[in-house]
file protein.cif (mmCIF, C-alpha atoms)
data_coords
loop_
_atom_site.label_atom_id
_atom_site.label_comp_id
_atom_site.auth_asym_id
_atom_site.auth_seq_id
_atom_site.Cartn_x
_atom_site.Cartn_y
_atom_site.Cartn_z
CA MET A 26 -42.77 -42.99 22.00
CA SER A 27 -40.46 -40.00 21.84
CA ASP A 28 -40.70 -37.77 18.85
CA THR A 29 -37.35 -37.24 17.15
CA PRO A 30 -36.78 -33.68 16.00
CA SER A 31 -37.14 -33.45 12.26
CA THR A 32 -34.92 -31.15 10.30
CA ASP A 33 -36.24 -29.65 7.12
CA PRO A 34 -34.05 -30.31 4.11
CA GLN A 35 -32.19 -27.23 3.02
CA PRO A 36 -33.14 -25.98 -0.46
CA THR A 37 -30.55 -26.70 -3.13
CA ALA A 38 -29.90 -25.60 -6.69
CA SER A 39 -27.78 -27.01 -9.47
CA PHE A 40 -25.23 -25.63 -11.89
CA ASN A 41 -25.44 -27.33 -15.30
CA TYR A 42 -22.02 -27.05 -16.88
CA ASN A 43 -21.93 -27.61 -20.66
CA VAL A 44 -18.42 -28.84 -21.41
CA ARG A 45 -18.40 -28.22 -25.16
CA TRP A 46 -19.95 -24.74 -24.94
CA MET A 47 -17.48 -23.70 -22.23
CA THR A 48 -14.56 -25.01 -24.28
CA ARG A 49 -15.64 -23.17 -27.43
CA THR A 50 -16.63 -19.90 -25.73
CA PHE A 51 -13.65 -19.42 -23.40
CA ASN A 52 -10.89 -20.57 -25.72
CA THR A 53 -8.35 -17.80 -24.98
CA ARG A 54 -7.32 -15.74 -21.97
CA ALA A 55 -8.47 -12.57 -23.72
CA GLN A 56 -11.92 -14.12 -24.23
CA VAL A 57 -12.15 -15.14 -20.59
CA GLU A 58 -11.14 -11.66 -19.48
CA SER A 59 -13.60 -9.88 -21.77
CA LEU A 60 -16.58 -12.09 -20.81
CA LEU A 61 -15.99 -12.88 -17.13
CA GLY A 62 -14.18 -9.66 -16.26
CA PRO A 63 -17.37 -7.55 -16.03
CA GLU A 64 -19.07 -10.30 -14.03
CA GLN A 65 -16.18 -10.37 -11.58
CA ALA A 66 -16.24 -6.58 -11.27
CA ALA A 67 -20.00 -6.69 -10.60
CA GLY A 68 -19.50 -9.26 -7.81
CA SER A 69 -21.26 -12.20 -9.47
CA VAL A 70 -18.01 -14.15 -9.87
CA SER A 71 -15.59 -14.31 -6.98
CA THR A 72 -11.91 -13.53 -7.38
CA HIS A 73 -11.04 -17.17 -6.70
CA ASP A 74 -13.39 -18.43 -9.41
CA TYR A 75 -12.24 -15.78 -11.89
CA ASP A 76 -8.59 -16.70 -11.41
CA ALA A 77 -9.41 -20.41 -11.66
CA ALA A 78 -11.29 -19.86 -14.93
CA MET A 79 -8.47 -17.70 -16.31
CA ASN A 80 -5.92 -20.43 -15.60
CA PHE A 81 -8.01 -23.46 -16.61
CA LEU A 82 -10.39 -22.71 -19.49
CA PRO A 83 -7.76 -21.70 -22.10
CA GLY A 84 -5.41 -24.47 -20.85
CA PHE A 85 -3.80 -27.47 -22.49
CA HIS A 86 -6.71 -29.81 -21.64
CA ARG A 87 -8.41 -28.57 -24.81
CA PHE A 88 -5.82 -30.53 -26.88
CA TYR A 89 -5.80 -33.83 -24.98
CA SER A 90 -7.67 -35.73 -27.73
CA LEU A 91 -5.62 -34.28 -30.59
CA PHE A 92 -2.33 -34.91 -28.80
CA LEU A 93 -3.16 -38.52 -27.86
CA SER A 94 -4.51 -39.35 -31.36
CA SER A 95 -1.37 -38.01 -33.03
CA ALA A 96 0.81 -39.93 -30.60
CA ALA A 97 -1.11 -43.18 -31.21
CA LEU A 98 -0.82 -42.90 -35.00
CA SER A 99 2.89 -42.19 -34.72
CA VAL A 100 3.42 -45.26 -32.55
CA VAL A 101 1.51 -47.48 -35.00
CA TYR A 102 3.54 -46.16 -37.93
CA VAL A 103 6.83 -46.79 -36.12
CA LEU A 104 5.96 -50.26 -34.75
CA ARG A 105 4.20 -51.66 -37.79
CA LYS A 106 5.74 -54.76 -39.33
CA PRO A 107 6.61 -55.18 -43.00
CA SER A 108 4.44 -58.26 -43.16
CA TRP A 109 1.31 -56.29 -42.30
CA SER A 110 -1.02 -55.57 -45.11
CA GLN A 111 -2.33 -52.09 -45.76
CA LEU A 112 -5.77 -53.11 -44.53
CA ARG A 113 -4.38 -54.41 -41.27
CA THR A 114 -2.22 -51.34 -40.77
CA LEU A 115 -5.21 -49.09 -41.43
CA GLY A 116 -7.38 -51.03 -38.99
CA ILE A 117 -4.78 -50.90 -36.21
CA ALA A 118 -4.19 -47.19 -36.82
CA SER A 119 -7.93 -46.44 -36.77
CA GLY A 120 -8.42 -48.39 -33.56
CA ALA A 121 -5.50 -46.61 -31.88
CA ALA A 122 -6.80 -43.22 -33.03
CA PHE A 123 -10.33 -43.83 -31.76
CA GLY A 124 -9.04 -45.24 -28.50
CA SER A 125 -6.74 -42.31 -27.88
CA LEU A 126 -9.55 -39.93 -28.87
CA ALA A 127 -11.87 -41.50 -26.29
CA LEU A 128 -9.14 -41.36 -23.67
CA GLY A 129 -8.48 -37.71 -24.46
CA ASN A 130 -12.18 -36.86 -24.13
CA ALA A 131 -12.37 -38.69 -20.81
CA LEU A 132 -9.37 -36.79 -19.47
CA THR A 133 -10.87 -33.52 -20.70
CA ILE A 134 -14.20 -34.18 -19.00
CA ARG A 135 -12.40 -35.14 -15.80
CA SER A 136 -10.41 -31.90 -15.81
CA HIS A 137 -13.64 -29.91 -16.30
CA TYR A 138 -15.24 -31.84 -13.46
CA GLU A 139 -12.39 -30.94 -11.13
CA PHE A 140 -12.65 -27.31 -12.20
CA VAL A 141 -16.38 -27.20 -11.44
CA ARG A 142 -15.78 -28.78 -8.04
CA SER A 143 -13.15 -26.15 -7.23
CA LEU A 144 -15.57 -23.22 -7.60
CA ASN A 145 -16.36 -21.61 -4.26
CA ASN A 146 -19.41 -19.74 -5.62
CA PRO A 147 -21.08 -22.04 -8.16
CA GLY A 148 -24.36 -20.13 -7.96
CA GLY A 149 -22.82 -16.82 -8.96
CA PHE A 150 -20.68 -18.45 -11.64
CA SER A 151 -23.75 -20.26 -13.03
CA ARG A 152 -25.75 -17.01 -13.30
CA ALA A 153 -22.82 -15.29 -14.99
CA VAL A 154 -22.50 -18.11 -17.54
CA ASP A 155 -26.24 -18.05 -18.21
CA ARG A 156 -26.14 -14.30 -18.91
CA ILE A 157 -23.19 -14.72 -21.27
CA GLN A 158 -24.96 -17.54 -23.08
CA LYS A 159 -28.15 -15.47 -23.49
CA GLN A 160 -26.18 -12.49 -24.78
CA SER A 161 -24.58 -14.68 -27.45
CA GLY A 162 -28.04 -15.62 -28.80
CA LEU A 163 -26.90 -19.15 -29.73
CA PRO A 164 -28.33 -22.28 -28.15
CA PRO A 165 -25.80 -24.44 -26.30
CA PRO A 166 -24.62 -27.48 -28.30
CA LYS A 167 -25.18 -31.07 -27.31
CA SER A 168 -22.44 -32.02 -24.91
CA PRO A 169 -21.72 -33.87 -21.69
CA ILE A 170 -23.23 -31.94 -18.78
CA ILE A 171 -21.53 -31.71 -15.40
CA VAL A 172 -24.03 -31.02 -12.61
CA ARG A 173 -22.83 -29.25 -9.48
CA LYS A 174 -25.40 -29.05 -6.69
CA TYR A 175 -25.08 -26.43 -3.98
CA LYS A 176 -27.15 -25.09 -1.10
CA ILE A 177 -28.93 -21.82 -1.72
CA GLU A 178 -28.17 -20.49 1.77
CA GLU A 179 -24.47 -20.81 1.01
CA GLU A 180 -24.88 -17.82 -1.27
CA LEU A 181 -24.80 -15.66 1.89
CA TYR A 182 -21.27 -16.81 2.65
CA ARG A 183 -19.71 -16.58 -0.79
CA ASN A 184 -16.96 -14.28 -2.00
CA VAL A 185 -15.33 -14.23 1.43
CA GLU A 186 -12.00 -13.01 0.09
CA ASP A 187 -13.75 -10.21 -1.83
CA ARG A 188 -15.64 -8.93 1.21
CA GLN A 189 -12.47 -8.87 3.30
CA GLU A 190 -10.98 -6.35 0.90
CA PHE A 191 -13.71 -3.84 1.83
CA VAL A 192 -13.54 -4.25 5.63
CA PRO A 193 -12.71 -0.79 7.02
CA THR A 194 -9.53 -0.69 9.03
CA GLU A 195 -9.19 1.30 12.24
CA PRO A 196 -7.30 4.55 11.72
CA THR A 197 -3.91 4.75 13.37
CA THR A 198 -3.01 7.68 15.57
CA GLU A 199 0.78 7.35 15.36
CA PRO A 200 1.27 9.83 12.47
CA ILE A 201 -0.95 12.39 14.22
CA THR A 202 1.00 12.02 17.47
CA GLN A 203 4.31 12.43 15.68
CA THR A 204 3.02 15.51 13.88
CA THR A 205 1.84 17.04 17.17
CA GLN A 206 5.21 16.39 18.80
CA THR A 207 7.02 17.93 15.86
CA THR A 208 4.78 21.03 16.03
CA GLN A 209 5.37 21.41 19.76
CA THR A 210 9.14 21.08 19.31
CA THR A 211 9.09 23.74 16.59
CA GLN A 212 7.04 26.08 18.77
CA THR A 213 9.45 25.54 21.69
CA GLN A 214 12.49 26.30 19.58
CA SER A 215 10.99 29.34 17.85
CA PRO A 216 11.41 31.85 20.77
CA SER A 217 15.09 30.99 21.12
CA ALA A 218 15.53 31.42 17.40
CA GLU A 219 13.96 34.89 17.55
CA THR A 220 16.40 36.03 20.29
CA ARG A 221 19.45 35.16 18.24
CA PRO A 222 21.28 38.00 16.34
CA SER A 223 20.15 38.26 12.76
CA SER A 224 23.67 38.61 11.27
CA ARG A 225 27.39 38.33 11.97
CA TRP A 226 27.73 42.13 12.37
CA ASP A 227 25.11 42.14 15.11
CA GLN A 228 27.05 39.44 16.97
CA ILE A 229 30.32 41.43 16.76
CA ARG A 230 28.53 44.60 17.85
CA ALA A 231 26.95 42.85 20.84
CA VAL A 232 30.30 41.37 21.96
CA ASN A 233 32.05 44.76 21.73
CA ALA A 234 29.27 46.47 23.68
CA ALA A 235 29.40 43.87 26.45
CA THR A 236 33.19 44.06 26.66
CA THR A 237 33.22 47.84 26.77
CA THR A 238 30.53 48.02 29.43
CA SER A 239 32.09 45.42 31.68
CA SER A 240 35.75 46.48 31.41
CA SER A 241 36.58 50.01 30.17
CA TRP A 242 33.94 51.98 32.09
CA ASP A 243 34.53 50.06 35.29
CA ALA A 244 38.28 50.66 35.03
CA LEU A 245 37.79 54.43 34.62
CA ARG A 246 35.39 54.51 37.56
CA GLN A 247 37.84 52.63 39.79
CA LYS A 248 40.73 54.93 38.83
CA HIS A 249 38.63 57.97 39.64
CA GLU A 250 37.39 56.62 42.95
CA LYS A 251 40.84 55.77 44.34
CA PRO A 252 42.25 59.37 44.41
CA ARG A 253 39.02 60.69 45.83
CA VAL A 254 39.12 58.27 48.73
CA GLN A 255 42.78 59.03 49.43
CA ASN A 256 42.26 62.84 49.38
CA SER A 257 39.37 62.78 51.81
CA GLY A 258 40.92 63.14 55.22
CA PRO A 259 39.34 62.29 58.56
CA GLY A 260 39.08 65.94 59.56
CA GLN A 261 36.83 67.03 56.76
CA SER A 262 33.21 67.62 57.51
CA MET A 263 30.36 65.67 56.00
CA ASN A 264 29.12 68.66 53.96
CA GLU A 265 32.52 69.25 52.37
CA GLN A 266 32.83 65.61 51.52
CA VAL A 267 29.36 65.60 49.93
CA ASP A 268 30.16 68.74 47.91
CA GLU A 269 33.43 67.27 46.72
CA ARG A 270 31.77 64.03 45.76
CA THR A 271 29.03 65.88 43.87
CA ALA A 272 31.54 67.96 41.94
CA GLU A 273 33.73 65.01 41.18
CA GLN A 274 30.72 62.93 40.16
CA ALA A 275 29.68 65.64 37.72
CA LYS A 276 33.19 65.75 36.24
CA PHE A 277 33.22 61.98 35.99
CA ASP A 278 29.82 61.85 34.34
CA ALA A 279 30.94 64.44 31.79
CA LEU A 280 34.05 62.37 31.10
CA LEU A 281 31.97 59.21 30.66
CA GLU A 282 29.56 60.97 28.34
CA LYS A 283 32.47 62.17 26.24
CA GLU A 284 33.91 58.67 26.07
CA ARG A 285 30.53 57.24 25.08
CA ASN A 286 30.14 59.75 22.26
CA LEU A 287 33.62 58.91 20.96
CA GLY A 288 32.88 55.17 21.12
CA SER A 289 29.57 55.51 19.29
CA GLN A 290 31.19 57.58 16.53
CA ASN A 291 33.91 54.96 16.04
CA THR A 292 31.30 52.20 15.89
CA ARG A 293 29.28 54.02 13.24
CA GLU A 294 32.35 54.56 11.09
#
call {"tool": "encode", "arguments": {"input": "protein.cif", "output": "structure tokens"}}
result
Amino acid sequence: MSDTPSTDPQPTASFNYNVRWMTRTFNTRAQVESLLGPEQAAGSVSTHDYDAAMNFLPGFHRFYSLFLSSAALSVVYVLRKPSWSQLRTLGIASGAAFGSLALGNALTIRSHYEFVRSLNNPGGFSRAVDRIQKQSGLPPPKSPIIVRKYKIEEELYRNVEDRQEFVPTEPTTEPITQTTQTTQTTQTQSPSAETRPSSRWDQIRAVNAATTTSSSWDALRQKHEKPRVQNSGPGQSMNEQVDERTAEQAKFDALLEKERNLGSQNTRE
């Protein structure tokens, strides 16, 4: 005989949901927020369960019985026949009211059952409800009880959407790269910006200086060199030519110095 592997049953727990106490305690959205809000912030109640309770508990299901009873009595009053006695009319109206009341209670219990089944963390929600009930100091009333069984090990996998909000994301390097490129571009452009003239007057002064250096002084030098070359004949000795060139160069340098002084005075004025 081959032994079949036996699996140990997983431990379970149950959530006992008191329909009447839940209906009386969480009767408005403000009440749900004030009681379950701290539990949701502490992590006992998941975001899914908190939103489900906020939308369901103060909902219209609380008035199913009243609405159906009023509708049944109105139908009996409209459809009653003149031949009916008051006793018969009262009996039919009472029967319709009790029937609609029972139907309303059944629909209410069913809606609570669907709500309990929709909870993704019944263990945490159950502990939160128990703490709220103990803080109130009042015993729960007699009421239909909805039992939701769940596995204890499932508590490790609850509040999935809450844990995903705290997963650290990898830092992106795009902003840092863009900042580095911008800094490098600024550093590359800064030397060219420093070499530019600081004002319009500096630009005009630089243009005039370049024009004067490249045109006026060269023209004077060329005019002075032409007569000197023409006057130097082939019969003159090298020493005489050197002496003449030295004397003429001195005269020319004096003339250039005079012209420079006049130009600088005009520029200052």
call {"tool": "closest_residue", "arguments": {"input": "protein.cif", "among": "A:Tyr175, A:Phe140, A:Phe92, A:Tyr42", "to": "A:Asp76", "atoms": "only C-alpha atoms"}}
result
A:Phe140
call {"tool": "atom_distance", "arguments": {"input": "protein.cif", "atom1": "atom CA of A:Ala55", "atom2": "atom CA of A:Arg142"}}
result
23.7 Å
call {"tool": "atom_distance", "arguments": {"input": "protein.cif", "atom1": "atom CA of A:Met79", "atom2": "atom CA of A:Asn52"}}
result
10.1 Å
call {"tool": "resolve_selection", "arguments": {"input": "protein.cif", "expression": "the PyMOL selection byres ((chain A and resi 151) around 10)", "output": "MDAnalysis selection string"}}
result
chainID A and resid 39:42 69:70 146:150 152:157 173
call {"tool": "closest_residue", "arguments": {"input": "protein.cif", "among": "A:Ala77, A:Ala118, A:Leu126, A:Leu144", "to": "A:Tyr89", "atoms": "all atoms listed in the file"}}
result
A:Leu126
call {"tool": "atom_distance", "arguments": {"input": "protein.cif", "atom1": "atom CA of A:Glu64", "atom2": "atom CA of A:Phe88"}}
result
27.4 Å
call {"tool": "closest_residue", "arguments": {"input": "protein.cif", "among": "A:Leu91, A:Ser161, A:Tyr102, A:Phe85", "to": "A:Leu60", "atoms": "only C-alpha atoms"}}
result
A:Ser161
call {"tool": "residues_around", "arguments": {"input": "protein.cif", "residues": "A:Ser136", "least_positions_apart": "4", "cutoff": "9 Å", "atoms": "only C-alpha atoms", "output": "list in words"}}
result
Phe81, His86, Ala131, Leu132, Phe140 and Val141 of chain A
call {"tool": "axis_aligned_box", "arguments": {"input": "protein.cif", "around": "stretch 277-286 of chain A", "padding_each_side": "5 Å", "output": "JSON"}}
result
{"center_x": 31.8, "center_y": 60.8, "center_z": 29.1, "size_x": 14.5, "size_y": 17.2, "size_z": 23.7}
call {"tool": "residues_around", "arguments": {"input": "protein.cif", "residues": "A:Ser94", "least_positions_apart": "5", "cutoff": "12 Å", "atoms": "all atoms listed in the file", "output": "list in words"}}
result
Phe88, Tyr89, Ser99, Val100, Val101, Ala118, Ser119, Gly120, Ala121, Ala122, Phe123, Gly124, Ser125, Leu126, Ala127, Leu128, Gly129 and Asn130 of chain A
call {"tool": "resolve_selection", "arguments": {"input": "protein.cif", "expression": "the PyMOL selection byres ((chain A and resi 37) around 6)", "output": "VMD selection string"}}
result
chain A and resid 36 38 175 to 177
call {"tool": "decode", "arguments": {"input": "protein.cif", "residues": "stretch 135-146 of chain A", "atoms": "all heavy atoms", "output": "compact mmCIF listing (two decimals), in the first residue's frame"}}
result
# COMPACT_ATOMS: atom_id res chain seq x y z
N ARG A 135 -29.22 40.43 2.57
CA ARG A 135 -28.47 40.00 1.38
C ARG A 135 -27.42 41.05 0.96
O ARG A 135 -26.31 40.70 0.58
CB ARG A 135 -29.45 39.74 0.22
CG ARG A 135 -28.75 39.28 -1.05
CD ARG A 135 -29.75 38.99 -2.15
NE ARG A 135 -29.07 38.63 -3.37
CZ ARG A 135 -28.59 37.42 -3.65
NH1 ARG A 135 -28.74 36.43 -2.75
NH2 ARG A 135 -27.98 37.16 -4.79
N SER A 136 -27.80 42.31 1.03
CA SER A 136 -26.83 43.35 0.66
C SER A 136 -25.66 43.38 1.64
O SER A 136 -24.51 43.57 1.24
CB SER A 136 -27.53 44.71 0.63
OG SER A 136 -28.03 45.05 1.92
N HIS A 137 -25.93 43.14 2.94
CA HIS A 137 -24.83 43.07 3.91
C HIS A 137 -23.95 41.84 3.65
O HIS A 137 -22.72 41.91 3.82
CB HIS A 137 -25.40 43.02 5.34
CG HIS A 137 -25.81 44.35 5.87
ND1 HIS A 137 -24.92 45.24 6.45
CD2 HIS A 137 -27.03 44.96 5.91
CE1 HIS A 137 -25.58 46.32 6.83
NE2 HIS A 137 -26.86 46.19 6.51
N TYR A 138 -24.58 40.75 3.27
CA TYR A 138 -23.82 39.54 2.96
C TYR A 138 -22.87 39.79 1.78
O TYR A 138 -21.69 39.39 1.82
CB TYR A 138 -24.78 38.40 2.65
CG TYR A 138 -24.09 37.12 2.23
CD1 TYR A 138 -23.53 36.26 3.17
CD2 TYR A 138 -24.01 36.78 0.88
CE1 TYR A 138 -22.90 35.09 2.77
CE2 TYR A 138 -23.38 35.62 0.48
CZ TYR A 138 -22.82 34.77 1.43
OH TYR A 138 -22.19 33.62 1.03
N GLU A 139 -23.36 40.44 0.76
CA GLU A 139 -22.50 40.74 -0.39
C GLU A 139 -21.38 41.70 0.00
O GLU A 139 -20.25 41.60 -0.51
CB GLU A 139 -23.35 41.34 -1.52
CG GLU A 139 -24.33 40.34 -2.11
CD GLU A 139 -25.22 40.98 -3.17
OE1 GLU A 139 -25.16 42.23 -3.32
OE2 GLU A 139 -25.98 40.25 -3.83
N PHE A 140 -21.67 42.62 0.90
CA PHE A 140 -20.62 43.54 1.35
C PHE A 140 -19.52 42.80 2.10
O PHE A 140 -18.32 43.04 1.88
CB PHE A 140 -21.23 44.63 2.24
CG PHE A 140 -20.24 45.40 3.03
CD1 PHE A 140 -19.36 46.30 2.43
CD2 PHE A 140 -20.14 45.24 4.41
CE1 PHE A 140 -18.43 47.01 3.16
CE2 PHE A 140 -19.21 45.95 5.15
CZ PHE A 140 -18.34 46.84 4.52
N VAL A 141 -19.93 41.88 3.00
CA VAL A 141 -18.94 41.13 3.77
C VAL A 141 -18.10 40.25 2.84
O VAL A 141 -16.88 40.13 3.01
CB VAL A 141 -19.64 40.28 4.85
CG1 VAL A 141 -18.64 39.37 5.55
CG2 VAL A 141 -20.31 41.19 5.86
N ARG A 142 -18.71 39.68 1.83
CA ARG A 142 -17.97 38.85 0.88
C ARG A 142 -17.00 39.67 0.04
O ARG A 142 -16.02 39.14 -0.47
CB ARG A 142 -18.94 38.11 -0.03
CG ARG A 142 -19.86 37.13 0.68
CD ARG A 142 -19.12 36.01 1.35
NE ARG A 142 -18.33 35.24 0.38
CZ ARG A 142 -17.50 34.26 0.72
NH1 ARG A 142 -17.31 33.97 2.00
NH2 ARG A 142 -16.83 33.60 -0.20
N SER A 143 -17.25 40.95 -0.12
CA SER A 143 -16.39 41.79 -0.96
C SER A 143 -15.14 42.28 -0.24
O SER A 143 -14.24 42.82 -0.88
CB SER A 143 -17.17 43.01 -1.47
OG SER A 143 -17.48 43.89 -0.40
N LEU A 144 -15.06 42.09 1.08
CA LEU A 144 -13.89 42.55 1.83
C LEU A 144 -12.67 41.74 1.45
O LEU A 144 -12.72 40.50 1.45
CB LEU A 144 -14.15 42.45 3.33
CG LEU A 144 -15.32 43.29 3.90
CD1 LEU A 144 -15.51 42.99 5.38
CD2 LEU A 144 -15.07 44.77 3.68
N ASN A 145 -11.58 42.39 1.16
CA ASN A 145 -10.34 41.67 0.83
C ASN A 145 -9.45 41.44 2.05
O ASN A 145 -8.47 40.73 1.95
CB ASN A 145 -9.56 42.41 -0.26
CG ASN A 145 -8.95 43.70 0.23
OD1 ASN A 145 -9.27 44.17 1.33
ND2 ASN A 145 -8.08 44.30 -0.57
N ASN A 146 -9.78 42.05 3.19
CA ASN A 146 -9.06 41.80 4.43
C ASN A 146 -10.06 41.67 5.57
O ASN A 146 -10.19 42.57 6.41
CB ASN A 146 -8.07 42.93 4.71
CG ASN A 146 -7.18 42.65 5.92
OD1 ASN A 146 -7.23 41.56 6.49
ND2 ASN A 146 -6.37 43.62 6.30
